[in-house]
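Chemist: Handing you this structure, nothing more for now.
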Protein chains: 2
Amino acid sequence: MALTGGTEPRVRRAAVNLFADKGFHGTGIRELAQAANLSSASLYHYMGTKEDLLAGIMRDALTRLLDAAGEIAGSTADPRARLAKLVALHVCTHALRPAETQVVDNEVRSLSEPARHEVVRLRDAYEEQWALAISDGMAAGRFVAGDPGVTRRALLEMCSGVARWYSPHGALSLDDLAAQYAALALRALGCVDRASGADLATAGEIVARVWGLPS
Amino acid sequence: MALTGGTEPRVRRAAVNLFADKGFHGTGIRELAQAANLSSASLYHYMGTKEDLLAGIMRDALTRLLDAAGEIAGSTADPRARLAKLVALHVCTHALRPAETQVVDNEVRSLSEPARHEVVRLRDAYEEQWALAISDGMAAGRFVAGDPGVTRRALLEMCSGVARWYSPHGALSLDDLAAQYAALALRALGCVDRASGADLATAGEIVARVWGLPS
DNA sequence: TCGAGCCTATCGATCGATCGATCGGCTCGT
DNA sequence: ACGAGCCGATCGATCGATCGATAGGCTCGA
């Protein structure tokens with residue numbers, strides 16, 4: 001049974017990768033077991049149901065993302081810098097943890113009801129940080145944008161796409177990637193100010209910390 | 001067996017909706033049959049395999065999108081206006097045909113090899129029109145952007161997200177939606193010129209025509 | 001005009017395979 | 001001796017797909 005501290009690492013690692021690239025319904029229990037070097041029966045020593053495993057993955061990833069966003073929001077008063085950091089956070093998270101983020105972004109529909117609401121609530125709380133940064137920027141006359149809801153969704157989707165194509169082994173460094181997305185977002189908001197490299201590096205460090213990665 | 005003109009409309013309509021909201025692997029043959037008011041056996045009178053049905057849906061949607069993009073590219077020399085029209089085309093298509101576009105965007109991985117390459121080729125040809133508009137604009141000094149590949153992917157993903165949330169019954173009209181996205185995209189490209197409403201309306205008409213919708 | 005032949009559309013029944021999940025039991029380290 | 005870790009065997013359910021059959025309509029030649 002899954003402990004409170006989370007599922008056994010092997011199992012979770014195998015699951016997140018398979019769910020990300022074949023989808024939840026496209027991944028079989030036996031396939032999952034093989035990827036974790038276990039029999040399908042042993043799998044159930046570590047997890048509840050297949051769906052519990054999915055819910056755990058999503059809850060964990062969203063909690064980390066939400067914590068990071070809260071930290072940025074609490075420490076960055078200027079809406080321009082705050083939004084730039086949120087963009088960098090979102091982009092770096094999607095670039096460094098493409099499997100987890102793709103599962104979060106694509107598999108909400110595979111969750112049934114008790115867990116689904118919880119995950120949606122977490123996602124909404126995270127998006128609310130973006131909404132606040134955008135409305136603060138508009139109230140301060142720093143952002144020129146139409147409907148703030150449309151803008152928020154457009155920017156979020158733009159950044160999420162990173163998980164589908166970015167490779168850390170390619171020519172583009174993570175810092176460059178984050179800087180480009182921050183620049184795109186700020187320009188889209190009608191804001192000519194450039195995001196400082198230091199601000200974006202902060203986001204990168206937070207991502208590394210909340211995921212326990214070498215920075 | 002599927003005729004050259006495409007699968008029976010009832011079947012295709014049921015399939016595209018189910019595939020869009022439960023995923024290809026999350027949709028069963030019996031569920032599909034029920035949605036089309038047929039027995040699961042009768043379904044096979046109209047289609048080949050379940051995967052053939054998916055491939056047909058994707059091929060059809062991508063062909064329509066590619067034709068429309070070609071028409072715009074062939075008739076719009078100025079890269080700013082061309083990109084604005086491509087954005088409007090993409091956004092209107094995703095807003096008016098959310099089921100088809102979500103299937104195209106999310107289910108490529110469910111296709112196996114002969115069909116998958118064909119679909120990827122169509123998608124690449126479509127994206128090439130965006131790449132040309134962006135590189136033309138940069139060459140003409142109209143667009144200020146970093147890596148053109150990053151910019152292209154960012155803008156495409158931004159626009160594709162529309163299929164996940166837009167409702168034609170909401171407060172936001174399709175014209176406003178297209179105009180907002182075009183403005184976001186042009187600003188992101190460092191281009192202050194406003195897209196003309198007439199240009200965007202052209203894109204809306206093309207969408208209605210290629211999909212046989214009332215305009 | 002009739003009926004043989006054929007085609008389309010439909011279905012109930014069922015195929016073998018695989019699905020997610022459980023069972024009882026084995027083997028260790030403690 | 002006991003529980004954590006693990007597995008072969010197997011459960012009932014469902015999967016995608018196929019079977020043979022039926023009913024109705026169209027087109028012929030006689």
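Labels for the structure tokens follow display order: chains A, B, ..., residues from 1 in each chain, ligands from 1.
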Just need chain A moved onto chain B: least-squares over all Cα atoms matched in order, then output as a PDB file with C-alpha atoms, in the first residue's frame.
Modeler:
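Writing done, so here's result21.pdb:
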```pdb
ATOM      1  CA  MET A   1     -15.640  -0.510 -45.124  1.00  0.00           C
ATOM      2  CA  ALA A   2     -14.763   3.150 -45.154  1.00  0.00           C
ATOM      3  CA  LEU A   3     -15.390   4.692 -48.529  1.00  0.00           C
ATOM      4  CA  THR A   4     -12.968   7.061 -50.159  1.00  0.00           C
ATOM      5  CA  GLY A   5     -15.268   9.937 -49.352  1.00  0.00           C
ATOM      6  CA  GLY A   6     -14.869   9.277 -45.641  1.00  0.00           C
ATOM      7  CA  THR A   7     -16.648   7.323 -42.956  1.00  0.00           C
ATOM      8  CA  GLU A   8     -20.381   7.526 -42.408  1.00  0.00           C
ATOM      9  CA  PRO A   9     -21.122  10.856 -40.697  1.00  0.00           C
ATOM     10  CA  ARG A  10     -22.865   9.399 -37.617  1.00  0.00           C
ATOM     11  CA  VAL A  11     -19.938   7.191 -36.866  1.00  0.00           C
ATOM     12  CA  ARG A  12     -17.335   9.843 -37.416  1.00  0.00           C
ATOM     13  CA  ARG A  13     -19.248  12.370 -35.381  1.00  0.00           C
ATOM     14  CA  ALA A  14     -19.616   9.992 -32.475  1.00  0.00           C
ATOM     15  CA  ALA A  15     -15.981   8.952 -32.682  1.00  0.00           C
ATOM     16  CA  VAL A  16     -14.514  12.406 -32.808  1.00  0.00           C
ATOM     17  CA  ASN A  17     -16.470  13.489 -29.743  1.00  0.00           C
ATOM     18  CA  LEU A  18     -15.616  10.428 -27.713  1.00  0.00           C
ATOM     19  CA  PHE A  19     -11.962  10.384 -28.742  1.00  0.00           C
ATOM     20  CA  ALA A  20     -11.723  14.052 -27.829  1.00  0.00           C
ATOM     21  CA  ASP A  21     -13.092  13.762 -24.343  1.00  0.00           C
ATOM     22  CA  LYS A  22     -12.115  10.288 -23.196  1.00  0.00           C
ATOM     23  CA  GLY A  23      -9.101   9.687 -25.404  1.00  0.00           C
ATOM     24  CA  PHE A  24      -8.597   6.976 -28.020  1.00  0.00           C
ATOM     25  CA  HIS A  25      -7.640   4.248 -25.551  1.00  0.00           C
ATOM     26  CA  GLY A  26     -10.277   5.446 -23.129  1.00  0.00           C
ATOM     27  CA  THR A  27     -13.044   4.893 -25.675  1.00  0.00           C
ATOM     28  CA  GLY A  28     -14.422   1.387 -26.194  1.00  0.00           C
ATOM     29  CA  ILE A  29     -15.949  -0.023 -29.361  1.00  0.00           C
ATOM     30  CA  ARG A  30     -19.274  -0.640 -27.639  1.00  0.00           C
ATOM     31  CA  GLU A  31     -19.362   2.885 -26.269  1.00  0.00           C
ATOM     32  CA  LEU A  32     -18.668   4.183 -29.758  1.00  0.00           C
ATOM     33  CA  ALA A  33     -21.413   2.014 -31.220  1.00  0.00           C
ATOM     34  CA  GLN A  34     -23.927   3.221 -28.675  1.00  0.00           C
ATOM     35  CA  ALA A  35     -23.108   6.860 -29.405  1.00  0.00           C
ATOM     36  CA  ALA A  36     -23.676   6.187 -33.113  1.00  0.00           C
ATOM     37  CA  ASN A  37     -26.912   4.264 -32.475  1.00  0.00           C
ATOM     38  CA  LEU A  38     -25.494   1.047 -33.848  1.00  0.00           C
ATOM     39  CA  SER A  39     -24.442  -2.316 -32.546  1.00  0.00           C
ATOM     40  CA  SER A  40     -20.735  -2.856 -32.209  1.00  0.00           C
ATOM     41  CA  ALA A  41     -20.892  -5.285 -35.121  1.00  0.00           C
ATOM     42  CA  SER A  42     -22.596  -2.774 -37.409  1.00  0.00           C
ATOM     43  CA  LEU A  43     -19.860  -0.309 -36.706  1.00  0.00           C
ATOM     44  CA  TYR A  44     -17.538  -2.480 -38.743  1.00  0.00           C
ATOM     45  CA  HIS A  45     -19.756  -2.079 -41.773  1.00  0.00           C
ATOM     46  CA  TYR A  46     -18.674   1.563 -41.886  1.00  0.00           C
ATOM     47  CA  MET A  47     -15.110   1.474 -40.715  1.00  0.00           C
ATOM     48  CA  GLY A  48     -12.001  -0.635 -40.911  1.00  0.00           C
ATOM     49  CA  THR A  49     -10.364  -0.880 -37.525  1.00  0.00           C
ATOM     50  CA  LYS A  50     -10.741   1.525 -34.638  1.00  0.00           C
ATOM     51  CA  GLU A  51      -7.348   2.900 -35.518  1.00  0.00           C
ATOM     52  CA  ASP A  52      -8.310   3.450 -39.164  1.00  0.00           C
ATOM     53  CA  LEU A  53     -11.163   5.548 -37.877  1.00  0.00           C
ATOM     54  CA  LEU A  54      -8.775   7.648 -35.804  1.00  0.00           C
ATOM     55  CA  ALA A  55      -6.378   8.049 -38.716  1.00  0.00           C
ATOM     56  CA  GLY A  56      -9.219   9.157 -41.003  1.00  0.00           C
ATOM     57  CA  ILE A  57     -10.333  11.798 -38.535  1.00  0.00           C
ATOM     58  CA  MET A  58      -6.835  13.201 -38.181  1.00  0.00           C
ATOM     59  CA  ARG A  59      -6.038  13.109 -41.874  1.00  0.00           C
ATOM     60  CA  ASP A  60      -9.241  14.911 -42.698  1.00  0.00           C
ATOM     61  CA  ALA A  61      -8.827  17.636 -40.084  1.00  0.00           C
ATOM     62  CA  LEU A  62      -5.189  18.269 -40.935  1.00  0.00           C
ATOM     63  CA  THR A  63      -5.876  18.390 -44.655  1.00  0.00           C
ATOM     64  CA  ARG A  64      -8.545  21.024 -44.163  1.00  0.00           C
ATOM     65  CA  LEU A  65      -6.224  23.055 -41.943  1.00  0.00           C
ATOM     66  CA  LEU A  66      -3.328  22.743 -44.378  1.00  0.00           C
ATOM     67  CA  ASP A  67      -5.469  23.789 -47.345  1.00  0.00           C
ATOM     68  CA  ALA A  68      -6.688  26.826 -45.463  1.00  0.00           C
ATOM     69  CA  ALA A  69      -3.166  27.817 -44.448  1.00  0.00           C
ATOM     70  CA  GLY A  70      -1.968  27.442 -48.034  1.00  0.00           C
ATOM     71  CA  GLU A  71      -4.725  29.689 -49.249  1.00  0.00           C
ATOM     72  CA  ILE A  72      -3.788  32.364 -46.718  1.00  0.00           C
ATOM     73  CA  ALA A  73      -0.085  32.089 -47.472  1.00  0.00           C
ATOM     74  CA  GLY A  74      -0.706  32.353 -51.198  1.00  0.00           C
ATOM     75  CA  SER A  75      -2.758  35.494 -50.885  1.00  0.00           C
ATOM     76  CA  THR A  76      -1.006  37.465 -48.176  1.00  0.00           C
ATOM     77  CA  ALA A  77       2.442  38.818 -48.934  1.00  0.00           C
ATOM     78  CA  ASP A  78       2.963  40.958 -45.840  1.00  0.00           C
ATOM     79  CA  PRO A  79       4.318  38.713 -43.087  1.00  0.00           C
ATOM     80  CA  ARG A  80       2.521  40.586 -40.322  1.00  0.00           C
ATOM     81  CA  ALA A  81      -0.882  40.254 -41.935  1.00  0.00           C
ATOM     82  CA  ARG A  82      -0.058  36.684 -42.922  1.00  0.00           C
ATOM     83  CA  LEU A  83       0.852  35.683 -39.409  1.00  0.00           C
ATOM     84  CA  ALA A  84      -2.228  37.408 -38.009  1.00  0.00           C
ATOM     85  CA  LYS A  85      -4.378  35.443 -40.430  1.00  0.00           C
ATOM     86  CA  LEU A  86      -2.666  32.192 -39.549  1.00  0.00           C
ATOM     87  CA  VAL A  87      -3.312  32.893 -35.875  1.00  0.00           C
ATOM     88  CA  ALA A  88      -6.956  33.663 -36.604  1.00  0.00           C
ATOM     89  CA  LEU A  89      -7.251  30.504 -38.704  1.00  0.00           C
ATOM     90  CA  HIS A  90      -5.752  28.340 -35.985  1.00  0.00           C
ATOM     91  CA  VAL A  91      -7.815  29.926 -33.226  1.00  0.00           C
ATOM     92  CA  CYS A  92     -11.097  29.811 -35.147  1.00  0.00           C
ATOM     93  CA  THR A  93     -10.512  26.212 -36.160  1.00  0.00           C
ATOM     94  CA  HIS A  94      -9.809  25.208 -32.568  1.00  0.00           C
ATOM     95  CA  ALA A  95     -12.794  27.198 -31.320  1.00  0.00           C
ATOM     96  CA  LEU A  96     -15.271  25.859 -33.882  1.00  0.00           C
ATOM     97  CA  ARG A  97     -14.014  22.277 -34.096  1.00  0.00           C
ATOM     98  CA  PRO A  98     -12.634  21.558 -30.622  1.00  0.00           C
ATOM     99  CA  ALA A  99     -13.163  17.823 -30.901  1.00  0.00           C
ATOM    100  CA  GLU A 100     -11.304  17.348 -34.165  1.00  0.00           C
ATOM    101  CA  THR A 101      -8.449  19.616 -33.163  1.00  0.00           C
ATOM    102  CA  GLN A 102      -8.004  18.053 -29.754  1.00  0.00           C
ATOM    103  CA  VAL A 103      -7.819  14.629 -31.338  1.00  0.00           C
ATOM    104  CA  VAL A 104      -5.201  15.909 -33.778  1.00  0.00           C
ATOM    105  CA  ASP A 105      -3.236  17.568 -30.991  1.00  0.00           C
ATOM    106  CA  ASN A 106      -3.357  14.770 -28.420  1.00  0.00           C
ATOM    107  CA  GLU A 107      -3.720  11.427 -30.151  1.00  0.00           C
ATOM    108  CA  VAL A 108      -0.809  11.229 -32.567  1.00  0.00           C
ATOM    109  CA  ARG A 109       0.803   8.823 -30.131  1.00  0.00           C
ATOM    110  CA  SER A 110      -2.107   6.413 -30.469  1.00  0.00           C
ATOM    111  CA  LEU A 111      -1.396   5.930 -34.162  1.00  0.00           C
ATOM    112  CA  SER A 112       0.884   3.122 -35.257  1.00  0.00           C
ATOM    113  CA  GLU A 113       3.403   3.352 -37.907  1.00  0.00           C
ATOM    114  CA  PRO A 114       2.152   3.681 -41.412  1.00  0.00           C
ATOM    115  CA  ALA A 115      -0.509   6.233 -40.488  1.00  0.00           C
ATOM    116  CA  ARG A 116       1.530   8.053 -37.896  1.00  0.00           C
ATOM    117  CA  HIS A 117       4.138   9.235 -40.334  1.00  0.00           C
ATOM    118  CA  GLU A 118       1.553  10.486 -42.739  1.00  0.00           C
ATOM    119  CA  VAL A 119      -0.149  12.519 -40.030  1.00  0.00           C
ATOM    120  CA  VAL A 120       3.140  13.908 -38.757  1.00  0.00           C
ATOM    121  CA  ARG A 121       4.059  14.882 -42.299  1.00  0.00           C
ATOM    122  CA  LEU A 122       0.805  16.807 -42.677  1.00  0.00           C
ATOM    123  CA  ARG A 123       1.301  18.526 -39.350  1.00  0.00           C
ATOM    124  CA  ASP A 124       4.872  19.469 -40.253  1.00  0.00           C
ATOM    125  CA  ALA A 125       3.716  20.890 -43.585  1.00  0.00           C
ATOM    126  CA  TYR A 126       1.169  23.012 -41.746  1.00  0.00           C
ATOM    127  CA  GLU A 127       3.688  24.260 -39.205  1.00  0.00           C
ATOM    128  CA  GLU A 128       6.026  25.115 -42.040  1.00  0.00           C
ATOM    129  CA  GLN A 129       3.601  27.840 -43.085  1.00  0.00           C
ATOM    130  CA  TRP A 130       4.014  29.372 -39.650  1.00  0.00           C
ATOM    131  CA  ALA A 131       7.776  29.024 -39.845  1.00  0.00           C
ATOM    132  CA  LEU A 132       7.817  30.836 -43.202  1.00  0.00           C
ATOM    133  CA  ALA A 133       5.661  33.678 -41.958  1.00  0.00           C
ATOM    134  CA  ILE A 134       7.923  34.122 -38.930  1.00  0.00           C
ATOM    135  CA  SER A 135      11.183  33.979 -40.841  1.00  0.00           C
ATOM    136  CA  ASP A 136       9.849  36.310 -43.530  1.00  0.00           C
ATOM    137  CA  GLY A 137       8.844  38.776 -40.844  1.00  0.00           C
ATOM    138  CA  MET A 138      12.240  38.584 -39.201  1.00  0.00           C
ATOM    139  CA  ALA A 139      14.056  38.954 -42.509  1.00  0.00           C
ATOM    140  CA  ALA A 140      11.985  42.042 -43.238  1.00  0.00           C
ATOM    141  CA  GLY A 141      12.861  43.454 -39.829  1.00  0.00           C
ATOM    142  CA  ARG A 142       9.224  43.444 -38.778  1.00  0.00           C
ATOM    143  CA  PHE A 143       9.510  40.854 -36.019  1.00  0.00           C
ATOM    144  CA  VAL A 144      11.854  40.944 -33.076  1.00  0.00           C
ATOM    145  CA  ALA A 145      12.219  37.473 -31.724  1.00  0.00           C
ATOM    146  CA  GLY A 146      14.813  35.090 -30.423  1.00  0.00           C
ATOM    147  CA  ASP A 147      15.005  31.583 -31.759  1.00  0.00           C
ATOM    148  CA  PRO A 148      12.334  31.356 -34.472  1.00  0.00           C
ATOM    149  CA  GLY A 149      11.659  27.702 -33.689  1.00  0.00           C
ATOM    150  CA  VAL A 150      10.934  28.476 -30.057  1.00  0.00           C
ATOM    151  CA  THR A 151       8.677  31.337 -31.067  1.00  0.00           C
ATOM    152  CA  ARG A 152       6.782  29.202 -33.547  1.00  0.00           C
ATOM    153  CA  ARG A 153       6.159  26.436 -31.035  1.00  0.00           C
ATOM    154  CA  ALA A 154       5.183  28.895 -28.312  1.00  0.00           C
ATOM    155  CA  LEU A 155       2.621  30.648 -30.508  1.00  0.00           C
ATOM    156  CA  LEU A 156       1.174  27.435 -31.882  1.00  0.00           C
ATOM    157  CA  GLU A 157       0.678  25.947 -28.426  1.00  0.00           C
ATOM    158  CA  MET A 158      -0.819  29.177 -27.187  1.00  0.00           C
ATOM    159  CA  CYS A 159      -3.455  29.093 -29.934  1.00  0.00           C
ATOM    160  CA  SER A 160      -4.175  25.364 -29.667  1.00  0.00           C
ATOM    161  CA  GLY A 161      -5.204  25.759 -26.051  1.00  0.00           C
ATOM    162  CA  VAL A 162      -8.385  27.475 -27.195  1.00  0.00           C
ATOM    163  CA  ALA A 163      -9.953  24.096 -27.990  1.00  0.00           C
ATOM    164  CA  ARG A 164      -9.775  23.165 -24.301  1.00  0.00           C
ATOM    165  CA  TRP A 165     -11.837  26.023 -22.936  1.00  0.00           C
ATOM    166  CA  TYR A 166     -13.620  28.198 -25.479  1.00  0.00           C
ATOM    167  CA  SER A 167     -17.369  27.962 -25.726  1.00  0.00           C
ATOM    168  CA  PRO A 168     -19.281  29.749 -28.490  1.00  0.00           C
ATOM    169  CA  HIS A 169     -22.153  30.140 -26.023  1.00  0.00           C
ATOM    170  CA  GLY A 170     -20.072  32.237 -23.644  1.00  0.00           C
ATOM    171  CA  ALA A 171     -19.730  35.999 -23.516  1.00  0.00           C
ATOM    172  CA  LEU A 172     -16.740  36.160 -25.813  1.00  0.00           C
ATOM    173  CA  SER A 173     -17.487  36.251 -29.538  1.00  0.00           C
ATOM    174  CA  LEU A 174     -15.368  34.345 -32.012  1.00  0.00           C
ATOM    175  CA  ASP A 175     -14.256  37.580 -33.684  1.00  0.00           C
ATOM    176  CA  ASP A 176     -13.107  39.028 -30.383  1.00  0.00           C
ATOM    177  CA  LEU A 177     -11.308  35.831 -29.552  1.00  0.00           C
ATOM    178  CA  ALA A 178      -9.419  35.787 -32.844  1.00  0.00           C
ATOM    179  CA  ALA A 179      -8.579  39.478 -32.552  1.00  0.00           C
ATOM    180  CA  GLN A 180      -7.217  39.038 -29.024  1.00  0.00           C
ATOM    181  CA  TYR A 181      -5.022  36.135 -30.007  1.00  0.00           C
ATOM    182  CA  ALA A 182      -3.752  37.948 -33.084  1.00  0.00           C
ATOM    183  CA  ALA A 183      -2.886  40.944 -30.934  1.00  0.00           C
ATOM    184  CA  LEU A 184      -1.133  38.768 -28.355  1.00  0.00           C
ATOM    185  CA  ALA A 185       0.892  37.047 -31.063  1.00  0.00           C
ATOM    186  CA  LEU A 186       1.912  40.211 -32.872  1.00  0.00           C
ATOM    187  CA  ARG A 187       2.934  41.892 -29.630  1.00  0.00           C
ATOM    188  CA  ALA A 188       4.904  38.805 -28.641  1.00  0.00           C
ATOM    189  CA  LEU A 189       6.724  39.177 -31.954  1.00  0.00           C
ATOM    190  CA  GLY A 190       7.606  42.753 -31.052  1.00  0.00           C
ATOM    191  CA  CYS A 191       5.301  44.115 -33.683  1.00  0.00           C
ATOM    192  CA  VAL A 192       3.109  47.032 -32.691  1.00  0.00           C
ATOM    193  CA  ASP A 193       0.969  47.116 -35.814  1.00  0.00           C
ATOM    194  CA  ARG A 194      -2.606  46.157 -35.259  1.00  0.00           C
ATOM    195  CA  ALA A 195      -4.145  43.383 -37.291  1.00  0.00           C
ATOM    196  CA  SER A 196      -7.058  44.646 -39.350  1.00  0.00           C
ATOM    197  CA  GLY A 197     -10.469  43.220 -38.607  1.00  0.00           C
ATOM    198  CA  ALA A 198     -10.941  42.497 -42.306  1.00  0.00           C
ATOM    199  CA  ASP A 199      -7.881  40.255 -42.350  1.00  0.00           C
ATOM    200  CA  LEU A 200      -9.147  38.236 -39.422  1.00  0.00           C
ATOM    201  CA  ALA A 201     -12.635  37.941 -40.882  1.00  0.00           C
ATOM    202  CA  THR A 202     -11.043  36.398 -43.977  1.00  0.00           C
ATOM    203  CA  ALA A 203      -9.633  33.635 -41.807  1.00  0.00           C
ATOM    204  CA  GLY A 204     -13.014  33.041 -40.202  1.00  0.00           C
ATOM    205  CA  GLU A 205     -14.658  32.687 -43.608  1.00  0.00           C
ATOM    206  CA  ILE A 206     -12.049  30.215 -44.759  1.00  0.00           C
ATOM    207  CA  VAL A 207     -12.607  28.082 -41.676  1.00  0.00           C
ATOM    208  CA  ALA A 208     -16.360  28.069 -42.270  1.00  0.00           C
ATOM    209  CA  ARG A 209     -15.861  27.108 -45.894  1.00  0.00           C
ATOM    210  CA  VAL A 210     -13.360  24.275 -45.467  1.00  0.00           C
ATOM    211  CA  TRP A 211     -15.502  22.713 -42.745  1.00  0.00           C
ATOM    212  CA  GLY A 212     -18.793  23.314 -44.513  1.00  0.00           C
ATOM    213  CA  LEU A 213     -20.162  25.424 -41.663  1.00  0.00           C
ATOM    214  CA  PRO A 214     -22.776  28.182 -41.838  1.00  0.00           C
ATOM    215  CA  SER A 215     -20.843  31.421 -41.871  1.00  0.00           C
TER     216      SER A 215
END
```
Chemist: Using only C-alpha atoms (C1' of nucleotides), which chain D residues lie at most 12 Å away from chain B, written as an mmCIF file with C-alpha atoms (C1' of nucleotides), in the first residue's frame?
Modeler:
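Everything below was put into out-v5.cif:
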```cif
data_model
loop_
_atom_site.group_PDB
_atom_site.id
_atom_site.type_symbol
_atom_site.label_atom_id
_atom_site.label_comp_id
_atom_site.auth_asym_id
_atom_site.auth_seq_id
_atom_site.Cartn_x
_atom_site.Cartn_y
_atom_site.Cartn_z
ATOM 1 C "C1'" DT D 14 -13.882 -6.133 -20.834
ATOM 2 C "C1'" DC D 15 -11.294 -5.415 -24.930
ATOM 3 C "C1'" DG D 16 -11.294 -5.143 -30.334
ATOM 4 C "C1'" DA D 17 -12.909 -7.874 -33.802
ATOM 5 C "C1'" DT D 18 -15.447 -11.568 -36.486
ATOM 6 C "C1'" DC D 19 -18.990 -14.921 -37.289
#
```
Chemist: Give me, as JSON, numbers by chain, the contact residues of chain C against chain A at a cut-off of 12 Å, counting only C-alpha atoms (C1' of nucleotides).
Modeler: {"C": [18, 19, 20, 21, 22, 23]}
Chemist: Work out how far atom C1' of DG16 of chain C is from atom C1' of DT22 of chain D, in Å to one decimal.
Modeler: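 According to the coordinates, atom C1' of DT22 of chain D and atom C1' of DG16 of chain C are separated by 26.2 Å.
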Chemist: Quick one: pull the distance between atom C1' of DA4 of chain D and atom C1' of DG25 of chain C, Å, one decimal.
Modeler: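 About the pair atom C1' of DA4 of chain D and atom C1' of DG25 of chain C: they are 14.3 Å apart.
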Chemist: Please provide the set of residues having any atom within 12 Å of DC26 of chain D, restricted to only C-alpha atoms (C1' of nucleotides), with same-chain residues fewer than 6 positions apart removed, written as a ChimeraX atom specification.
Modeler: /C:5-8
Chemist: Any idea what the distance is between atom C1' of DA30 of chain D and atom C1' of DT1 of chain C?
Modeler: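 Taking atom C1' of DA30 of chain D as the start and atom C1' of DT1 of chain C as the end point, the length is 10.2 Å.
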